[in-house]
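Have a look at model_31.cif; it's mmCIF, C-alpha atoms and all ligand atoms:
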```cif
data_work
loop_
_atom_site.label_atom_id
_atom_site.label_comp_id
_atom_site.auth_asym_id
_atom_site.auth_seq_id
_atom_site.Cartn_x
_atom_site.Cartn_y
_atom_site.Cartn_z
CA MET E 1 0.00 0.00 0.00
CA GLU E 2 1.40 3.38 -0.97
CA ILE E 3 0.48 6.87 0.14
CA ILE E 4 2.04 9.56 -2.03
CA ASP E 5 2.00 13.31 -1.39
CA LEU E 6 -1.32 13.20 0.42
CA THR E 7 -2.62 16.66 1.19
CA LYS E 8 -5.77 17.32 3.17
CA THR E 9 -7.05 20.69 4.29
CA TYR E 10 -9.88 21.63 6.61
CA GLU E 11 -11.14 25.16 6.33
CA GLY E 12 -7.98 26.30 4.55
CA LYS E 13 -5.66 24.71 7.14
CA ASN E 14 -3.28 21.94 6.03
CA VAL E 15 -3.77 18.90 8.23
CA LEU E 16 -1.78 16.56 5.99
CA ASP E 17 0.84 18.27 3.84
CA ARG E 18 2.30 16.09 1.07
CA PHE E 19 2.37 13.07 3.37
CA SER E 20 4.00 9.95 1.91
CA LEU E 21 4.37 6.47 3.34
CA THR E 22 4.84 2.96 1.97
CA LEU E 23 3.22 0.22 4.00
CA PRO E 24 3.88 -3.53 3.95
CA GLY E 25 1.26 -6.19 3.14
CA LYS E 26 1.17 -7.39 6.72
CA GLY E 27 2.49 -6.61 10.16
CA THR E 28 1.81 -3.72 12.49
CA VAL E 29 2.70 -0.14 11.71
CA CYS E 30 2.24 2.35 14.51
CA LEU E 31 1.51 6.02 13.97
CA TYR E 32 2.48 8.05 16.99
CA GLY E 33 2.09 11.77 17.33
CA PRO E 34 0.56 14.59 19.35
CA SER E 35 -3.14 15.28 19.47
CA GLY E 36 -4.39 17.08 16.39
CA CYS E 37 -1.48 16.17 14.08
CA GLY E 38 -3.81 14.36 11.66
CA LYS E 39 -3.65 10.66 12.58
CA THR E 40 -7.42 10.06 12.49
CA THR E 41 -7.72 12.14 9.33
CA LEU E 42 -5.12 9.88 7.69
CA LEU E 43 -7.01 6.71 8.72
CA ASN E 44 -10.25 8.23 7.39
CA CYS E 45 -8.58 9.01 4.05
CA ILE E 46 -7.22 5.44 3.84
CA ALA E 47 -10.68 4.05 4.66
CA GLY E 48 -12.22 6.22 1.96
CA LEU E 49 -14.39 8.04 4.49
CA GLU E 50 -12.77 11.45 3.88
CA PRO E 51 -11.92 12.95 0.51
CA TYR E 52 -8.45 14.49 0.19
CA ASP E 53 -7.26 17.47 -1.81
CA SER E 54 -4.38 15.91 -3.70
CA GLY E 55 -1.99 12.98 -3.75
CA SER E 56 -2.86 9.30 -3.94
CA ILE E 57 -3.48 6.18 -1.91
CA THR E 58 -2.97 2.98 -3.87
CA GLY E 59 -3.05 -0.69 -2.96
CA THR E 60 -6.23 -0.56 -0.90
CA GLU E 61 -8.58 -1.36 -3.78
CA ASP E 62 -8.87 -5.08 -3.09
CA LEU E 63 -8.55 -4.94 0.67
CA LYS E 64 -11.29 -5.65 3.15
CA ILE E 65 -10.91 -2.87 5.70
CA ALA E 66 -11.95 -3.28 9.34
CA TYR E 67 -11.94 0.04 11.19
CA LEU E 68 -11.94 0.39 14.97
CA PHE E 69 -12.88 4.03 15.39
CA GLN E 70 -11.59 6.17 18.21
CA GLU E 71 -15.16 6.25 19.53
CA ASP E 72 -16.90 2.92 20.19
CA ARG E 73 -19.81 3.69 17.84
CA LEU E 74 -22.00 0.92 19.22
CA LEU E 75 -25.64 1.01 18.20
CA PRO E 76 -27.39 1.98 21.46
CA TRP E 77 -30.72 0.28 20.77
CA ILE E 78 -29.39 -3.27 20.37
CA SER E 79 -27.51 -5.52 22.79
CA ALA E 80 -23.74 -5.94 22.98
CA ALA E 81 -23.88 -9.33 21.24
CA GLU E 82 -26.26 -7.98 18.57
CA ASN E 83 -23.77 -5.18 17.86
CA ILE E 84 -21.22 -7.85 16.99
CA ALA E 85 -23.70 -10.02 15.06
CA ALA E 86 -24.69 -6.96 13.00
CA VAL E 87 -21.40 -7.05 11.04
CA LEU E 88 -21.55 -10.78 10.29
CA ARG E 89 -22.86 -12.23 7.07
CA GLY E 90 -24.06 -15.69 8.06
CA ARG E 91 -27.53 -16.86 9.04
CA LYS E 92 -29.15 -15.26 12.06
CA GLU E 93 -28.64 -18.14 14.50
CA GLN E 94 -25.08 -18.74 13.30
CA ASN E 95 -24.26 -15.03 13.73
CA ARG E 96 -25.73 -15.04 17.22
CA GLU E 97 -23.51 -18.00 18.16
CA GLU E 98 -20.46 -16.36 16.61
CA ALA E 99 -21.18 -13.11 18.47
CA ARG E 100 -21.46 -15.03 21.76
CA LYS E 101 -18.07 -16.60 21.03
CA TRP E 102 -16.53 -13.15 20.51
CA MET E 103 -18.11 -11.89 23.72
CA ARG E 104 -16.39 -14.76 25.55
CA LEU E 105 -13.08 -14.05 23.81
CA VAL E 106 -13.08 -10.45 25.03
CA GLY E 107 -13.96 -11.56 28.56
CA LEU E 108 -17.61 -10.50 28.49
CA GLU E 109 -19.32 -13.83 28.95
CA GLY E 110 -22.77 -13.36 30.47
CA GLU E 111 -23.07 -9.74 29.28
CA ASP E 112 -24.50 -10.61 25.83
CA GLU E 113 -27.94 -9.15 26.37
CA LYS E 114 -26.85 -5.87 27.95
CA LEU E 115 -27.40 -2.65 26.03
CA PRO E 116 -24.29 -0.48 25.50
CA ALA E 117 -25.58 2.02 28.07
CA GLN E 118 -25.52 -0.75 30.70
CA LEU E 119 -21.81 -1.43 30.14
CA SER E 120 -18.75 0.36 31.54
CA GLY E 121 -16.42 2.33 29.25
CA GLY E 122 -13.89 -0.51 29.17
CA MET E 123 -16.60 -3.11 28.47
CA LYS E 124 -17.95 -1.03 25.57
CA ARG E 125 -14.43 -0.77 24.17
CA ARG E 126 -14.06 -4.56 24.33
CA VAL E 127 -17.36 -4.99 22.43
CA ALA E 128 -16.07 -2.55 19.79
CA ILE E 129 -12.81 -4.53 19.54
CA ALA E 130 -14.75 -7.81 19.26
CA ARG E 131 -16.93 -6.34 16.51
CA THR E 132 -13.88 -5.20 14.50
CA LEU E 133 -12.13 -8.56 14.86
CA ALA E 134 -15.33 -10.49 14.09
CA TYR E 135 -15.77 -8.46 10.89
CA GLY E 136 -12.17 -9.26 9.96
CA GLY E 137 -10.19 -8.14 6.95
CA ASN E 138 -6.75 -7.71 5.45
CA LEU E 139 -6.36 -4.16 6.70
CA PHE E 140 -7.19 -3.15 10.25
CA LEU E 141 -7.33 0.56 11.05
CA LEU E 142 -7.04 0.82 14.82
CA ASP E 143 -7.52 4.28 16.30
CA GLU E 144 -6.42 4.23 19.94
CA PRO E 145 -7.76 0.68 20.23
CA PHE E 146 -7.13 0.15 23.92
CA ARG E 147 -8.47 3.48 25.15
CA ALA E 148 -10.42 3.10 28.43
CA LEU E 149 -9.03 -0.36 29.21
CA ASP E 150 -7.38 -1.31 32.49
CA PRO E 151 -3.85 -2.78 32.20
CA GLU E 152 -5.03 -6.39 32.52
CA SER E 153 -7.74 -6.16 29.85
CA LYS E 154 -5.35 -4.20 27.66
CA GLU E 155 -2.84 -7.04 27.79
CA GLN E 156 -5.58 -9.57 26.98
CA MET E 157 -6.84 -7.49 24.05
CA ILE E 158 -3.32 -7.05 22.67
CA SER E 159 -2.77 -10.79 22.74
CA LEU E 160 -6.21 -11.50 21.18
CA MET E 161 -5.57 -8.95 18.46
CA LYS E 162 -2.17 -10.48 17.69
CA ASN E 163 -3.75 -13.94 17.39
CA LYS E 164 -6.66 -12.94 15.21
CA THR E 165 -5.00 -10.58 12.74
CA ASP E 166 -1.86 -12.50 11.93
CA ASP E 167 -2.03 -12.25 8.13
CA ALA E 168 -3.30 -8.69 7.96
CA LEU E 169 -1.77 -5.23 7.94
CA LYS E 170 -2.58 -3.28 11.07
CA ILE E 171 -2.24 0.49 11.22
CA LEU E 172 -2.27 1.43 14.87
CA VAL E 173 -2.74 4.97 16.10
CA THR E 174 -1.70 5.46 19.69
CA HIS E 175 -0.45 7.98 22.24
CA ASP E 176 1.04 5.14 24.25
CA LEU E 177 4.62 4.16 23.45
CA GLN E 178 4.39 1.00 25.55
CA GLU E 179 1.49 -0.12 23.36
CA ALA E 180 3.56 0.66 20.27
CA GLU E 181 6.44 -1.34 21.68
CA MET E 182 4.24 -4.36 22.39
CA LEU E 183 2.51 -4.42 19.02
CA ALA E 184 4.33 -2.58 16.30
CA ASP E 185 7.04 -3.75 13.91
CA VAL E 186 7.72 -0.16 12.99
CA THR E 187 6.66 3.10 14.61
CA TYR E 188 6.40 6.39 12.76
CA ILE E 189 6.51 9.62 14.70
CA LEU E 190 4.30 12.04 12.84
CA SER E 191 5.69 15.18 14.45
CA GLY E 192 7.50 16.32 17.55
CA PRO E 193 10.92 15.26 18.87
CA PRO E 194 12.33 11.81 18.05
CA VAL E 195 11.48 9.08 20.54
CA ARG E 196 13.35 5.81 20.87
CA ILE E 197 11.52 2.57 21.49
CA ASN E 198 13.51 -0.50 22.57
CA LYS E 199 14.41 -2.89 19.78
CA LYS E 200 11.90 -1.33 17.42
CA THR E 201 12.38 0.70 14.33
CA VAL E 202 11.31 4.26 14.91
CA ARG E 203 11.23 6.73 12.08
CA ASN E 204 10.41 10.37 12.00
CA LEU E 205 8.23 11.62 9.18
N1 LIG E 301 -14.32 17.43 10.13
C1 LIG E 301 -13.41 18.36 10.45
N2 LIG E 301 -13.60 19.66 10.19
C2 LIG E 301 -12.66 20.60 10.48
N3 LIG E 301 -11.46 20.32 11.07
C3 LIG E 301 -11.22 19.02 11.36
C4 LIG E 301 -12.17 17.98 11.07
N4 LIG E 301 -11.63 16.78 11.47
C5 LIG E 301 -10.42 17.08 11.99
N5 LIG E 301 -10.18 18.42 11.92
C6 LIG E 301 -8.94 19.09 12.36
O1 LIG E 301 -7.84 18.44 11.77
C7 LIG E 301 -6.76 18.33 12.68
C8 LIG E 301 -6.35 16.86 12.81
O2 LIG E 301 -7.39 16.13 13.46
P1 LIG E 301 -7.25 14.56 13.72
O3 LIG E 301 -8.49 14.12 14.43
O4 LIG E 301 -6.89 13.89 12.46
O5 LIG E 301 -6.00 14.53 14.71
P2 LIG E 301 -5.38 13.34 15.55
O6 LIG E 301 -3.91 13.38 15.33
O7 LIG E 301 -6.09 12.06 15.23
O8 LIG E 301 -5.73 13.79 17.04
P3 LIG E 301 -6.04 12.90 18.35
O9 LIG E 301 -4.75 12.22 18.70
O10 LIG E 301 -6.44 13.93 19.35
O11 LIG E 301 -7.14 11.97 17.99
C9 LIG E 301 -7.22 18.98 13.97
O12 LIG E 301 -6.73 20.30 14.00
C10 LIG E 301 -8.73 18.98 13.87
O13 LIG E 301 -9.29 20.08 14.53
#
```

Output the file's structure in the form of structure tokens.
Ligand SMILES: Nc1ncnc2c1ncn2[C@@H]1O[C@H](COP(=O)(O)OP(=O)(O)OP(=O)(O)O)[C@@H](O)[C@H]1O
Amino acid sequence: MEIIDLTKTYEGKNVLDRFSLTLPGKGTVCLYGPSGCGKTTLLNCIAGLEPYDSGSITGTEDLKIAYLFQEDRLLPWISAAENIAAVLRGRKEQNREEARKWMRLVGLEGEDEKLPAQLSGGMKRRVAIARTLAYGGNLFLLDEPFRALDPESKEQMISLMKNKTDDALKILVTHDLQEAEMLADVTYILSGPPVRINKKTVRNL
């Protein structure tokens, strides 16, 4: 996948200014940078959710993209398990079973019937993670995926994500260098001073 000279402006202000990056077919690439530097905008452009002013993104045409948004975006009027089942393509009963399996995998057994409003912030995040993984794909866009999780659930979710997305490319946006260190093969610093992460490749853009 190749991003060449991507430029995106909002209200006359350059958010992405001739941004270029070549990404591998699989593995985890972390984008690290201060709030407001354009990380979410970049993911939205890759996903095709935001138009851009100039430049190109190629190599995404045949990819199935699973996007974990920064916000959970759960449908409030259906249960946690139904939120997961909603992205599945099988028969109703099969989807329900599959959704229950994902609820177990993210440590939410017994919470299937709860509405999002009845879940804690961390539980909602785990449902959103389960929904993204259940949908699956060859490109995962992960915008602060472990936001609102306690350290133990975060570790569990990192390990689950590693297991379930082995053959895919993951683009991970995070403010947390420890997270980058645990997951990423390469970390790009989008702006600000260089930061070193143990044993990992860190590049400034
Ligand atoms: N729809 C929009 N309309 C106008 N400006 C926007 C819009 N979306 C984002 N911006 C602006 O673009 C800039 C980049 O926003 P973006 O959400 O991509 O940053 P970010 O690096 O993901 O930040 P964070 O780490 O806080 O999520 C910000 O200055 C923001 O105010």

Once you count only C-alpha atoms and all ligand atoms, which residues end up within 9 Å of ligand LIG 301 (chain E), and could you hand them over as an MDAnalysis selection string? chainID E and resid 8:11 13:16 32:44 50 70 143:144 173:175 190

Dump as a compact mmCIF listing (two decimals), in the coordinates of the input, selection limited to C-alpha atoms:
```txt
# COMPACT_ATOMS: atom_id res chain seq x y z
CA LYS E 8 -5.77 17.32 3.17
CA THR E 9 -7.05 20.69 4.29
CA TYR E 10 -9.88 21.63 6.61
CA GLU E 11 -11.14 25.16 6.33
CA LYS E 13 -5.66 24.71 7.14
CA ASN E 14 -3.28 21.94 6.03
CA VAL E 15 -3.77 18.90 8.23
CA LEU E 16 -1.78 16.56 5.99
CA TYR E 32 2.48 8.05 16.99
CA GLY E 33 2.09 11.77 17.33
CA PRO E 34 0.56 14.59 19.35
CA SER E 35 -3.14 15.28 19.47
CA GLY E 36 -4.39 17.08 16.39
CA CYS E 37 -1.48 16.17 14.08
CA GLY E 38 -3.81 14.36 11.66
CA LYS E 39 -3.65 10.66 12.58
CA THR E 40 -7.42 10.06 12.49
CA THR E 41 -7.72 12.14 9.33
CA LEU E 42 -5.12 9.88 7.69
CA LEU E 43 -7.01 6.71 8.72
CA ASN E 44 -10.25 8.23 7.39
CA GLU E 50 -12.77 11.45 3.88
CA GLN E 70 -11.59 6.17 18.21
CA ASP E 143 -7.52 4.28 16.30
CA GLU E 144 -6.42 4.23 19.94
CA VAL E 173 -2.74 4.97 16.10
CA THR E 174 -1.70 5.46 19.69
CA HIS E 175 -0.45 7.98 22.24
CA LEU E 190 4.30 12.04 12.84
```

Would you mind listing what lies within 12 Å of Glu152 (chain E) as a PyMOL selection string, with all atoms listed in the file counted and same-chain residues fewer than 4 positions away left out? chain E and resi 106-107+122+146+148+156-159

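Distance check against Ser20 (chain E) using all atoms listed in the file: of E:Leu133, E:Ala117, E:Ala80, E:Met1, the minimum falls on E:Met1.
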
If we count all atoms listed in the file, what is near Trp102 (chain E) at a cut-off of 12 Å, once residues fewer than 4 positions away on the same chain are taken out, given as an NGL selection string? :E and (80-85 or 88 or 95-98 or 106-112 or 126-135 or 157 or 160-161 or 164)

Atomic distance CA of Val29 (chain E) - CA of Lys124 (chain E), expressed in Å with one decimal: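 A separation of 24.9 Å between them.
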
Report, in Å with one decimal, the straight-line distance from CA of Ile171 (chain E) to CA of Leu141 (chain E).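 Those two atoms sit 5.1 Å apart.
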
Residue with the minimum atom-to-atom distance to Ala168 (chain E), picked from E:Leu105, E:Asn138, E:Asp53, E:Pro76 with all atoms listed in the file counted, is E:Asn138

Rounded to one decimal, what separation in Å do you get between CA of Leu74 (chain E) and CA of Ala86 (chain E)?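 It comes out at 10.4 Å.
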
Among E:Ile46, E:Ile57, E:Ala184, E:Leu23, Asp5 (chain E) is approached most closely, using all atoms listed in the file, by E:Ile57

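Comparing the minimum interatomic distances between Ala66 (chain E) and each of E:Arg89, E:Ser54, E:Ala47, E:Ile189, counting all atoms listed in the file, we find that E:Ala47 sits nearest.
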
Nearest residue to Glu155 (chain E) from the set E:Gly25, E:Gly136, E:Leu183, E:Gly121 (distances using all atoms listed in the file):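 Between E:Gly25, E:Gly136, E:Leu183, E:Gly121, the residue approaching Glu155 (chain E) most closely is E:Leu183.
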
Using all atoms listed in the file, can you tell me which of E:Pro151, E:Pro145, E:Lys92, E:Asp176 comes closest to Glu71 (chain E)?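 Of E:Pro151, E:Pro145, E:Lys92, E:Asp176, the one nearest Glu71 (chain E), counting all atoms listed in the file, is E:Pro145.
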
Quick one: residues within 8 Å of Arg18 (chain E), only C-alpha atoms, excluding same-chain residues fewer than 6 positions away - as a VMD selection string? chain E and resid 4 to 7 55

Export C-alpha atoms of the chosen residues as a PDB file, keeping the file's coordinate frame?
```
ATOM      1  CA  ILE E   4       2.040   9.560  -2.030  1.00  0.00           C
ATOM      2  CA  ASP E   5       2.000  13.310  -1.390  1.00  0.00           C
ATOM      3  CA  LEU E   6      -1.320  13.200   0.420  1.00  0.00           C
ATOM      4  CA  THR E   7      -2.620  16.660   1.190  1.00  0.00           C
ATOM      5  CA  GLY E  55      -1.990  12.980  -3.750  1.00  0.00           C
TER       6      GLY E  55
END
```
